[in-house]
$ cat work22.cif   # mmCIF, C-alpha atoms
data_upload
loop_
_atom_site.label_atom_id
_atom_site.label_comp_id
_atom_site.auth_asym_id
_atom_site.auth_seq_id
_atom_site.Cartn_x
_atom_site.Cartn_y
_atom_site.Cartn_z
CA MET A 1 1.39 10.20 -12.96
CA ASN A 2 3.33 7.48 -11.15
CA ILE A 3 1.66 4.47 -9.59
CA GLU A 4 2.00 5.79 -6.01
CA LEU A 5 -0.04 8.90 -6.84
CA LYS A 6 -2.54 6.90 -8.87
CA LEU A 7 -3.11 4.55 -5.94
CA LEU A 8 -3.36 7.42 -3.45
CA GLU A 9 -6.00 9.01 -5.61
CA ARG A 10 -7.91 5.73 -5.89
CA PHE A 11 -7.88 4.58 -2.25
CA ARG A 12 -11.24 5.28 -0.62
CA VAL A 13 -10.79 6.77 2.85
CA VAL A 14 -13.55 5.67 5.22
CA GLU A 15 -13.63 7.35 8.63
CA ASP A 16 -14.46 5.41 11.80
CA PHE A 17 -14.09 1.95 10.25
CA PRO A 18 -13.72 -0.75 11.51
CA LYS A 19 -14.06 1.27 14.72
CA LYS A 20 -14.34 4.85 15.89
CA GLY A 21 -11.20 6.92 15.36
CA ILE A 22 -9.74 4.74 12.62
CA SER A 23 -9.41 6.21 9.14
CA PHE A 24 -9.69 3.13 6.95
CA LYS A 25 -7.88 3.12 3.60
CA ASP A 26 -10.10 1.02 1.39
CA ILE A 27 -8.18 -0.58 -1.45
CA SER A 28 -11.28 -2.01 -3.19
CA PRO A 29 -11.59 0.72 -5.85
CA VAL A 30 -8.09 -0.06 -7.15
CA PHE A 31 -9.18 -3.53 -8.20
CA ILE A 32 -11.94 -2.37 -10.49
CA ASP A 33 -9.28 -0.88 -12.79
CA PRO A 34 -7.32 -3.73 -14.45
CA GLU A 35 -4.72 -1.38 -15.94
CA MET A 36 -3.94 0.03 -12.49
CA VAL A 37 -3.71 -3.47 -10.99
CA ARG A 38 -1.19 -4.48 -13.66
CA GLU A 39 0.89 -1.38 -13.00
CA MET A 40 0.72 -1.96 -9.23
CA ILE A 41 1.88 -5.58 -9.55
CA GLU A 42 4.72 -4.49 -11.81
CA ALA A 43 5.81 -1.83 -9.28
CA MET A 44 5.55 -4.31 -6.41
CA SER A 45 7.53 -7.06 -8.12
CA GLU A 46 10.25 -4.78 -9.51
CA PRO A 47 12.40 -4.50 -6.31
CA TRP A 48 12.46 -8.29 -5.86
CA LYS A 49 13.41 -9.40 -9.35
CA GLY A 50 16.69 -11.31 -9.52
CA LYS A 51 16.61 -12.04 -5.78
CA GLY A 52 15.89 -15.73 -6.32
CA ILE A 53 12.56 -15.69 -4.53
CA THR A 54 10.89 -19.14 -4.59
CA ARG A 55 7.89 -18.50 -2.32
CA VAL A 56 5.55 -15.56 -1.77
CA LEU A 57 3.56 -15.83 1.46
CA GLY A 58 0.21 -14.01 1.38
CA ILE A 59 -1.59 -13.17 4.60
CA GLU A 60 -5.35 -13.80 4.84
CA SER A 61 -7.55 -12.32 3.44
CA ARG A 62 -6.46 -9.20 1.55
CA GLY A 63 -2.96 -10.60 1.11
CA PHE A 64 -4.60 -13.14 -1.23
CA LEU A 65 -5.66 -10.41 -3.66
CA VAL A 66 -2.20 -9.52 -4.95
CA GLY A 67 0.00 -12.28 -3.47
CA PRO A 68 -0.65 -14.86 -6.21
CA SER A 69 -0.07 -12.29 -8.99
CA LEU A 70 3.09 -11.07 -7.28
CA ALA A 71 4.28 -14.68 -7.11
CA LEU A 72 3.58 -15.16 -10.83
CA ALA A 73 5.47 -11.96 -11.66
CA LEU A 74 8.46 -13.38 -9.74
CA ASP A 75 7.95 -16.89 -11.16
CA ALA A 76 7.63 -18.12 -7.58
CA GLY A 77 5.16 -20.31 -5.73
CA PHE A 78 2.42 -18.80 -3.57
CA LEU A 79 1.55 -19.96 -0.06
CA MET A 80 -1.38 -18.93 2.13
CA VAL A 81 -0.91 -17.76 5.71
CA ARG A 82 -4.27 -18.16 7.45
CA LYS A 83 -5.91 -17.82 10.81
CA LYS A 84 -5.78 -21.02 12.84
CA GLY A 85 -8.27 -23.71 11.81
CA LYS A 86 -8.73 -22.70 8.19
CA LEU A 87 -5.96 -24.78 6.61
CA PRO A 88 -5.99 -28.58 6.58
CA PRO A 89 -3.15 -30.49 8.28
CA ASP A 90 -0.17 -30.59 8.33
CA THR A 91 0.56 -27.01 9.34
CA ILE A 92 2.97 -25.06 11.46
CA GLU A 93 1.64 -22.24 13.61
CA ARG A 94 2.73 -19.14 15.48
CA SER A 95 0.89 -16.97 17.95
CA TYR A 96 1.24 -13.20 18.24
CA SER A 97 -0.18 -10.40 20.37
CA LEU A 98 -3.17 -8.30 19.43
CA GLU A 99 -4.38 -5.14 21.10
CA TYR A 100 -6.50 -7.39 23.30
CA GLY A 101 -5.42 -11.02 23.61
CA GLU A 102 -3.63 -12.99 20.94
CA ALA A 103 -4.10 -14.66 17.57
CA ILE A 104 -2.57 -17.67 15.85
CA ILE A 105 -1.60 -17.99 12.19
CA GLU A 106 -0.88 -21.17 10.27
CA MET A 107 0.91 -22.20 7.10
CA ALA A 108 1.06 -25.52 5.23
CA LYS A 109 4.13 -27.45 6.36
CA ASN A 110 4.86 -29.43 3.20
CA ASP A 111 4.88 -26.68 0.58
CA ILE A 112 7.98 -24.89 1.85
CA ASN A 113 11.39 -25.99 3.11
CA SER A 114 14.78 -24.72 4.24
CA SER A 115 16.01 -24.16 0.67
CA ASP A 116 13.24 -21.61 -0.06
CA ARG A 117 13.81 -17.88 -0.39
CA VAL A 118 10.69 -16.14 0.88
CA LEU A 119 8.88 -12.84 0.36
CA ILE A 120 6.09 -12.04 2.84
CA HIS A 121 3.17 -10.06 1.44
CA ASP A 122 0.12 -8.34 2.86
CA ASP A 123 -1.94 -5.42 1.60
CA LEU A 124 -1.14 -3.15 4.52
CA LEU A 125 1.65 -2.76 7.10
CA ALA A 126 0.11 -1.47 10.32
CA THR A 127 1.67 -2.71 13.60
CA GLY A 128 3.51 -5.52 11.84
CA GLY A 129 2.12 -8.17 14.20
CA THR A 130 0.90 -10.64 11.60
CA ALA A 131 3.79 -10.11 9.18
CA GLY A 132 6.23 -10.58 12.06
CA ALA A 133 4.55 -13.83 13.09
CA ALA A 134 4.77 -15.02 9.46
CA ALA A 135 8.48 -14.12 9.46
CA HIS A 136 9.00 -16.25 12.58
CA LEU A 137 7.27 -19.15 10.79
CA VAL A 138 9.68 -18.78 7.86
CA LYS A 139 12.68 -18.70 10.20
CA SER A 140 11.41 -21.71 12.15
CA ILE A 141 11.67 -23.95 9.08
CA GLY A 142 15.12 -22.59 8.24
CA ALA A 143 14.09 -20.87 5.00
CA THR A 144 15.64 -17.53 3.98
CA LEU A 145 13.48 -14.47 4.53
CA VAL A 146 14.28 -12.09 1.67
CA GLY A 147 11.87 -9.28 2.51
CA PHE A 148 8.40 -7.86 3.10
CA SER A 149 6.12 -6.42 0.44
CA PHE A 150 3.04 -4.32 1.16
CA ILE A 151 0.81 -2.23 -1.04
CA SER A 152 0.70 0.48 1.61
CA SER A 153 2.01 1.18 5.10
CA LEU A 154 0.92 3.39 7.97
CA SER A 155 3.98 5.41 8.97
CA PHE A 156 2.38 6.63 12.24
CA LEU A 157 2.37 3.04 13.55
CA PRO A 158 5.54 1.17 14.55
CA GLY A 159 5.29 -1.55 11.86
CA LYS A 160 8.73 -0.95 10.37
CA GLU A 161 10.38 -0.96 13.79
CA ALA A 162 8.58 -4.19 14.66
CA LEU A 163 9.91 -5.85 11.50
CA SER A 164 13.44 -4.40 11.73
CA GLN A 165 14.52 -7.39 13.88
CA PHE A 166 14.41 -9.54 10.72
CA ASP A 167 17.04 -7.37 9.07
CA CYS A 168 15.67 -7.42 5.52
CA PRO A 169 14.09 -4.87 3.16
CA ILE A 170 10.50 -3.68 3.60
CA HIS A 171 8.83 -2.36 0.48
CA SER A 172 5.52 -0.57 0.09
CA ILE A 173 4.24 1.65 -2.69
CA VAL A 174 2.10 4.04 -0.67
CA GLU A 175 2.91 5.49 2.75
CA PHE A 176 0.15 7.06 4.80
CA MET B 1 -1.50 -33.86 -19.95
CA ASN B 2 -4.39 -31.38 -19.89
CA ILE B 3 -4.90 -28.89 -17.07
CA GLU B 4 -7.79 -30.86 -15.53
CA LEU B 5 -5.62 -33.93 -15.01
CA LYS B 6 -2.70 -31.82 -13.81
CA LEU B 7 -4.91 -30.18 -11.20
CA LEU B 8 -6.45 -33.49 -10.13
CA GLU B 9 -2.97 -34.86 -9.60
CA ARG B 10 -1.93 -31.80 -7.62
CA PHE B 11 -4.93 -31.38 -5.29
CA ARG B 12 -4.13 -32.73 -1.81
CA VAL B 13 -7.02 -34.83 -0.48
CA VAL B 14 -7.34 -34.51 3.30
CA GLU B 15 -9.83 -36.82 5.00
CA ASP B 16 -12.05 -35.63 7.88
CA PHE B 17 -11.37 -31.90 7.38
CA PRO B 18 -12.87 -29.49 8.33
CA LYS B 19 -14.99 -32.13 10.07
CA LYS B 20 -15.39 -35.91 10.26
CA GLY B 21 -16.66 -37.51 7.06
CA ILE B 22 -15.58 -34.69 4.75
CA SER B 23 -12.89 -35.39 2.18
CA PHE B 24 -11.28 -31.97 1.74
CA LYS B 25 -9.74 -31.12 -1.63
CA ASP B 26 -6.84 -28.85 -0.74
CA ILE B 27 -5.91 -26.54 -3.59
CA SER B 28 -2.81 -25.13 -1.85
CA PRO B 29 -0.25 -27.30 -3.68
CA VAL B 30 -1.40 -25.92 -7.04
CA PHE B 31 -0.25 -22.45 -6.08
CA ILE B 32 3.35 -23.41 -5.45
CA ASP B 33 3.70 -24.11 -9.19
CA PRO B 34 3.54 -20.82 -11.14
CA GLU B 35 3.39 -22.57 -14.51
CA MET B 36 0.33 -24.54 -13.42
CA VAL B 37 -1.33 -21.42 -12.04
CA ARG B 38 -0.84 -19.64 -15.38
CA GLU B 39 -2.31 -22.59 -17.26
CA MET B 40 -5.24 -22.80 -14.84
CA ILE B 41 -6.06 -19.09 -15.23
CA GLU B 42 -5.87 -19.41 -19.01
CA ALA B 43 -8.27 -22.40 -18.92
CA MET B 44 -10.63 -20.57 -16.57
CA SER B 45 -10.74 -17.35 -18.58
CA GLU B 46 -11.06 -19.04 -22.00
CA PRO B 47 -14.87 -19.74 -21.90
CA TRP B 48 -15.61 -16.11 -20.94
CA LYS B 49 -13.54 -14.26 -23.50
CA GLY B 50 -15.58 -12.03 -25.82
CA LYS B 51 -18.56 -12.06 -23.44
CA GLY B 52 -18.06 -8.43 -22.46
CA ILE B 53 -17.46 -9.15 -18.79
CA THR B 54 -16.75 -5.96 -16.83
CA ARG B 55 -16.69 -7.30 -13.26
CA VAL B 56 -15.42 -10.51 -11.68
CA LEU B 57 -16.79 -11.07 -8.17
CA GLY B 58 -14.54 -13.18 -5.93
CA ILE B 59 -15.93 -14.82 -2.81
CA GLU B 60 -13.91 -14.64 0.44
CA SER B 61 -11.34 -16.05 1.06
CA ARG B 62 -10.18 -18.58 -1.50
CA GLY B 63 -12.07 -16.77 -4.26
CA PHE B 64 -9.49 -14.00 -3.78
CA LEU B 65 -6.65 -16.28 -4.89
CA VAL B 66 -7.63 -16.56 -8.55
CA GLY B 67 -10.39 -13.94 -8.90
CA PRO B 68 -8.10 -10.94 -9.46
CA SER B 69 -6.00 -12.84 -12.04
CA LEU B 70 -9.13 -14.06 -13.79
CA ALA B 71 -10.34 -10.46 -13.92
CA LEU B 72 -7.01 -9.32 -15.43
CA ALA B 73 -7.18 -12.10 -18.04
CA LEU B 74 -10.64 -10.79 -19.03
CA ASP B 75 -9.56 -7.14 -18.73
CA ALA B 76 -12.33 -6.67 -16.16
CA GLY B 77 -12.53 -5.14 -12.71
CA PHE B 78 -12.43 -7.32 -9.59
CA LEU B 79 -14.79 -6.96 -6.63
CA MET B 80 -14.68 -8.68 -3.25
CA VAL B 81 -17.68 -10.48 -1.80
CA ARG B 82 -17.06 -10.77 1.96
CA LYS B 83 -18.70 -11.95 5.12
CA LYS B 84 -20.70 -9.21 6.82
CA GLY B 85 -18.66 -6.63 8.73
CA LYS B 86 -15.40 -6.95 6.81
CA LEU B 87 -16.05 -4.33 4.12
CA PRO B 88 -16.38 -0.62 4.89
CA PRO B 89 -19.62 1.19 4.01
CA ASP B 90 -21.46 1.56 1.69
CA THR B 91 -22.34 -2.04 0.99
CA ILE B 92 -25.29 -4.12 -0.10
CA GLU B 93 -25.91 -7.44 1.64
CA ARG B 94 -27.73 -10.72 1.24
CA SER B 95 -28.37 -13.52 3.72
CA TYR B 96 -28.42 -17.21 2.84
CA SER B 97 -28.99 -20.49 4.64
CA LEU B 98 -26.24 -22.66 6.05
CA GLU B 99 -26.53 -26.20 7.38
CA TYR B 100 -27.23 -24.63 10.78
CA GLY B 101 -28.46 -21.04 10.82
CA GLU B 102 -27.62 -18.43 8.22
CA ALA B 103 -24.83 -16.19 6.97
CA ILE B 104 -24.68 -12.75 5.37
CA ILE B 105 -22.41 -11.62 2.54
CA GLU B 106 -21.64 -8.07 1.50
CA MET B 107 -20.31 -6.26 -1.55
CA ALA B 108 -19.26 -2.62 -2.09
CA LYS B 109 -22.18 -0.67 -3.47
CA ASN B 110 -20.31 1.95 -5.48
CA ASP B 111 -17.98 -0.19 -7.57
CA ILE B 112 -20.68 -1.89 -9.65
CA ASN B 113 -23.83 -0.73 -11.41
CA SER B 114 -26.64 -1.86 -13.69
CA SER B 115 -24.50 -1.57 -16.83
CA ASP B 116 -22.00 -4.18 -15.58
CA ARG B 117 -21.71 -7.71 -16.95
CA VAL B 118 -20.67 -9.96 -14.10
CA LEU B 119 -18.85 -13.26 -13.62
CA ILE B 120 -19.05 -14.80 -10.14
CA HIS B 121 -15.99 -16.76 -9.02
CA ASP B 122 -15.09 -19.03 -6.12
CA ASP B 123 -12.56 -21.82 -5.79
CA LEU B 124 -15.14 -24.54 -5.18
CA LEU B 125 -18.81 -25.14 -6.00
CA ALA B 126 -20.31 -27.19 -3.17
CA THR B 127 -23.96 -26.49 -2.26
CA GLY B 128 -23.97 -23.20 -4.18
CA GLY B 129 -25.28 -21.24 -1.19
CA THR B 130 -22.72 -18.43 -1.23
CA ALA B 131 -22.49 -18.18 -5.03
CA GLY B 132 -26.29 -18.04 -5.20
CA ALA B 133 -26.40 -15.24 -2.64
CA ALA B 134 -23.79 -13.34 -4.66
CA ALA B 135 -25.93 -13.84 -7.78
CA HIS B 136 -28.92 -12.34 -5.97
CA LEU B 137 -26.76 -9.32 -5.06
CA VAL B 138 -25.84 -8.87 -8.74
CA LYS B 139 -29.50 -9.11 -9.77
CA SER B 140 -30.57 -6.69 -7.04
CA ILE B 141 -28.53 -3.87 -8.58
CA GLY B 142 -29.81 -4.67 -12.07
CA ALA B 143 -26.45 -5.83 -13.47
CA THR B 144 -26.25 -8.73 -15.95
CA LEU B 145 -25.07 -12.03 -14.53
CA VAL B 146 -23.05 -13.71 -17.29
CA GLY B 147 -21.99 -16.86 -15.45
CA PHE B 148 -20.24 -18.69 -12.63
CA SER B 149 -16.61 -19.80 -12.66
CA PHE B 150 -15.11 -22.30 -10.21
CA ILE B 151 -11.82 -24.15 -10.14
CA SER B 152 -13.58 -27.33 -9.05
CA SER B 153 -17.06 -28.56 -8.20
CA LEU B 154 -18.47 -31.39 -6.13
CA SER B 155 -20.91 -33.26 -8.38
CA PHE B 156 -22.40 -35.25 -5.47
CA LEU B 157 -23.78 -32.01 -3.99
CA PRO B 158 -26.68 -30.04 -5.53
CA GLY B 159 -24.66 -26.89 -6.36
CA LYS B 160 -25.50 -26.85 -10.06
CA GLU B 161 -29.22 -27.36 -9.40
CA ALA B 162 -29.13 -24.56 -6.84
CA LEU B 163 -27.59 -22.17 -9.37
CA SER B 164 -29.76 -23.28 -12.32
CA GLN B 165 -32.40 -20.69 -11.34
CA PHE B 166 -30.06 -17.98 -12.66
CA ASP B 167 -30.11 -19.52 -16.12
CA CYS B 168 -26.48 -18.90 -17.08
CA PRO B 169 -23.40 -21.07 -17.68
CA ILE B 170 -21.48 -22.67 -14.83
CA HIS B 171 -17.87 -23.53 -15.57
CA SER B 172 -15.38 -25.51 -13.53
CA ILE B 173 -12.20 -27.27 -14.59
CA VAL B 174 -12.26 -30.19 -12.18
CA GLU B 175 -15.33 -32.20 -11.13
CA PHE B 176 -15.12 -34.43 -8.10
#
$ encode --input "work22.cif" --output "structure tokens"
Amino acid sequence: MNIELKLLERFRVVEDFPKKGISFKDISPVFIDPEMVREMIEAMSEPWKGKGITRVLGIESRGFLVGPSLALALDAGFLMVRKKGKLPPDTIERSYSLEYGEAIIEMAKNDINSSDRVLIHDDLLATGGTAGAAAHLVKSIGATLVGFSFISSLSFLPGKEALSQFDCPIHSIVEF
Amino acid sequence: MNIELKLLERFRVVEDFPKKGISFKDISPVFIDPEMVREMIEAMSEPWKGKGITRVLGIESRGFLVGPSLALALDAGFLMVRKKGKLPPDTIERSYSLEYGEAIIEMAKNDINSSDRVLIHDDLLATGGTAGAAAHLVKSIGATLVGFSFISSLSFLPGKEALSQFDCPIHSIVEF
């Protein structure tokens, strides 16, 4: 069985979480199986090998679960993208729209520069709002955005369209 | 140079963050160096090898950075411990005291049981409040708590005393 099917079988679907009408794909059960985690990281890193990636950006909080391992597999550095106020100075920030209102993400300013080649990672691609804001942060410092890597993506939401403006590959193992 | 000194040299000390009077030890710069991350994970997993650990619990959010890799190094499963409301049902929860008021942490109920041997991980041991609450969660399901693993600990705070009630080893690489 390939890793996509294994993951699909392992995801725990929870209806009406975090709110009514949403069918939540819980990734937690994957992480209790170390062999599956290894295989997942291998499958996620594979498309990016040889692309000269120097930084993997992981989006808080679930993007921290695989981001550092993905960075190690690519022999790259890992950088946290967090909600405003969580990282110490100096940071750069970017705001983006939510369903209601807006949010701000931040990234350390001194651990990345214009010579970096960057992969943005999160566990799930939904509307692409946060990943897009992270991509704007990368662009704002003049670094090269190489692509986006997700464990899974929701194909009934316009995440891929939202990220298409950055004109780089989007990879995910599982599509819902 | 050993890994403790390497980490000490790499931590970024930020004064008055997150509030006045606190000298924040920022671990971010460690993660941009994959070789150092590998060495750190090796040093963190070393004391726990052969102890039959089946679950590593990582505390949100910075406990997610190393927790999954530590679990892989020990060939164990990884489980998230999160603030209340972030994990889908079914969960078990535990409240603990903060400087002002209290907080509640949660853990998935179905990914751990009484036969598990558990290592609790976070990036930093400060007062031990969250790690202690996680330890109570482990005890409440009848699993065996094998120990606590931190990247660093603050020796001027009573974290070790707070965790001594659980009567198991506490390991950290760096002591401030």
$ interface_residues --input "work22.cif" --of "chain A" --to "chain B" --cutoff "6 Å" --atoms "only C-alpha atoms" --output "PyMOL selection string"
chain A and resi 31-34+61+64-65+72+75+77-78
$ residues_near_point --input "work22.cif" --point "(2.1, 10.2, 9.4)" --cutoff "12 Å" --atoms "all atoms listed in the file" --output "number ranges by chain"
A: 126, 153-158, 174-176
$ resolve_selection --input "work22.cif" --expression "the PyMOL selection byres ((chain B and resi 104) around 10)" --output "PyMOL selection string"
chain B and resi 82-85+93-97+102-103+105-106+130+133
$ atom_distance --input "work22.cif" --atom1 "atom CA of Ser149 of chain A" --atom2 "atom CA of Arg10 of chain A"
19.6 Å
$ resolve_selection --input "work22.cif" --expression "the PyMOL selection byres ((chain A and resi 121) around 6)" --output "mmCIF file with C-alpha atoms, in the frame of the given file"
data_model
loop_
_atom_site.group_PDB
_atom_site.id
_atom_site.type_symbol
_atom_site.label_atom_id
_atom_site.label_comp_id
_atom_site.auth_asym_id
_atom_site.auth_seq_id
_atom_site.Cartn_x
_atom_site.Cartn_y
_atom_site.Cartn_z
ATOM 1 C CA LEU A 57 3.560 -15.830 1.460
ATOM 2 C CA GLY A 58 0.210 -14.010 1.380
ATOM 3 C CA ILE A 120 6.090 -12.040 2.840
ATOM 4 C CA ASP A 122 0.120 -8.340 2.860
ATOM 5 C CA PHE A 148 8.400 -7.860 3.100
ATOM 6 C CA SER A 149 6.120 -6.420 0.440
ATOM 7 C CA PHE A 150 3.040 -4.320 1.160
#
$ atom_distance --input "work22.cif" --atom1 "atom CA of Val146 of chain A" --atom2 "atom CA of Lys109 of chain A"
19.0 Å
$ resolve_selection --input "work22.cif" --expression "the PyMOL selection byres ((chain A and resi 144) around 12)" --output "PyMOL selection string"
chain A and resi 51-56+112-120+135-143+145-147+166-168
$ closest_residue --input "work22.cif" --among "B:Met1, B:Leu125, B:Ile27, B:Ile151" --to "Ile41 of chain B" --atoms "all atoms listed in the file"
B:Ile151
$ atom_distance --input "work22.cif" --atom1 "atom CA of Ile92 of chain A" --atom2 "atom CA of Ala134 of chain A"
10.4 Å
$ decode --input "work22.cif" --residues "segment 57-66 of chain B" --atoms "all heavy atoms" --output "mmCIF file, in the first residue's frame"
data_model
loop_
_atom_site.group_PDB
_atom_site.id
_atom_site.type_symbol
_atom_site.label_atom_id
_atom_site.label_comp_id
_atom_site.auth_asym_id
_atom_site.auth_seq_id
_atom_site.Cartn_x
_atom_site.Cartn_y
_atom_site.Cartn_z
ATOM 1 N N LEU B 57 5.306 12.437 24.577
ATOM 2 C CA LEU B 57 4.294 13.495 24.608
ATOM 3 C C LEU B 57 4.990 14.839 24.412
ATOM 4 O O LEU B 57 5.915 15.173 25.166
ATOM 5 C CB LEU B 57 3.597 13.520 25.978
ATOM 6 C CG LEU B 57 2.294 12.754 26.139
ATOM 7 C CD1 LEU B 57 2.434 11.343 25.656
ATOM 8 C CD2 LEU B 57 1.814 12.807 27.574
ATOM 9 N N GLY B 58 4.572 15.612 23.425
ATOM 10 C CA GLY B 58 5.166 16.925 23.170
ATOM 11 C C GLY B 58 4.177 18.010 23.521
ATOM 12 O O GLY B 58 3.012 17.959 23.138
ATOM 13 N N ILE B 59 4.651 19.008 24.261
ATOM 14 C CA ILE B 59 3.765 20.071 24.740
ATOM 15 C C ILE B 59 3.764 21.254 23.772
ATOM 16 O O ILE B 59 4.820 21.759 23.385
ATOM 17 C CB ILE B 59 4.184 20.502 26.163
ATOM 18 C CG1 ILE B 59 4.012 19.315 27.135
ATOM 19 C CG2 ILE B 59 3.379 21.709 26.621
ATOM 20 C CD1 ILE B 59 4.577 19.531 28.515
ATOM 21 N N GLU B 60 2.570 21.686 23.381
ATOM 22 C CA GLU B 60 2.366 22.814 22.460
ATOM 23 C C GLU B 60 3.060 24.071 22.959
ATOM 24 O O GLU B 60 2.979 24.369 24.143
ATOM 25 C CB GLU B 60 0.863 23.079 22.367
ATOM 26 C CG GLU B 60 0.492 24.206 21.437
ATOM 27 C CD GLU B 60 -1.037 24.360 21.293
ATOM 28 O OE1 GLU B 60 -1.776 23.816 22.123
ATOM 29 O OE2 GLU B 60 -1.427 25.024 20.334
ATOM 30 N N SER B 61 3.619 24.879 22.033
ATOM 31 C CA SER B 61 3.907 24.628 20.640
ATOM 32 C C SER B 61 5.347 24.202 20.418
ATOM 33 O O SER B 61 5.626 23.416 19.515
ATOM 34 C CB SER B 61 3.718 25.908 19.804
ATOM 35 O OG SER B 61 2.401 26.328 19.746
ATOM 36 N N ARG B 62 6.274 24.706 21.223
ATOM 37 C CA ARG B 62 7.679 24.433 20.919
ATOM 38 C C ARG B 62 8.070 22.997 21.227
ATOM 39 O O ARG B 62 9.087 22.515 20.732
ATOM 40 C CB ARG B 62 8.588 25.442 21.612
ATOM 41 C CG ARG B 62 8.582 26.811 20.900
ATOM 42 C CD ARG B 62 9.716 27.691 21.393
ATOM 43 N NE ARG B 62 9.567 27.957 22.806
ATOM 44 C CZ ARG B 62 9.020 29.044 23.339
ATOM 45 N NH1 ARG B 62 8.587 30.016 22.543
ATOM 46 N NH2 ARG B 62 8.908 29.192 24.623
ATOM 47 N N GLY B 63 7.233 22.289 21.997
ATOM 48 C CA GLY B 63 7.474 20.861 22.217
ATOM 49 C C GLY B 63 7.170 20.031 20.974
ATOM 50 O O GLY B 63 7.469 18.839 20.922
ATOM 51 N N PHE B 64 6.570 20.676 19.956
ATOM 52 C CA PHE B 64 6.301 19.984 18.687
ATOM 53 C C PHE B 64 7.532 20.006 17.766
ATOM 54 O O PHE B 64 7.586 19.267 16.791
ATOM 55 C CB PHE B 64 5.142 20.636 17.927
ATOM 56 C CG PHE B 64 3.795 20.532 18.599
ATOM 57 C CD1 PHE B 64 2.673 21.118 18.007
ATOM 58 C CD2 PHE B 64 3.625 19.853 19.797
ATOM 59 C CE1 PHE B 64 1.409 21.032 18.607
ATOM 60 C CE2 PHE B 64 2.370 19.764 20.406
ATOM 61 C CZ PHE B 64 1.262 20.356 19.803
ATOM 62 N N LEU B 65 8.481 20.891 18.075
ATOM 63 C CA LEU B 65 9.628 21.053 17.180
ATOM 64 C C LEU B 65 10.559 19.845 17.220
ATOM 65 O O LEU B 65 11.050 19.410 16.180
ATOM 66 C CB LEU B 65 10.428 22.309 17.555
ATOM 67 C CG LEU B 65 9.719 23.658 17.364
ATOM 68 C CD1 LEU B 65 10.563 24.778 17.974
ATOM 69 C CD2 LEU B 65 9.474 23.931 15.886
ATOM 70 N N VAL B 66 10.806 19.340 18.430
ATOM 71 C CA VAL B 66 11.752 18.246 18.599
ATOM 72 C C VAL B 66 11.045 16.941 18.980
ATOM 73 O O VAL B 66 11.531 15.856 18.685
ATOM 74 C CB VAL B 66 12.811 18.632 19.668
ATOM 75 C CG1 VAL B 66 13.526 17.425 20.216
ATOM 76 C CG2 VAL B 66 13.806 19.613 19.078
#
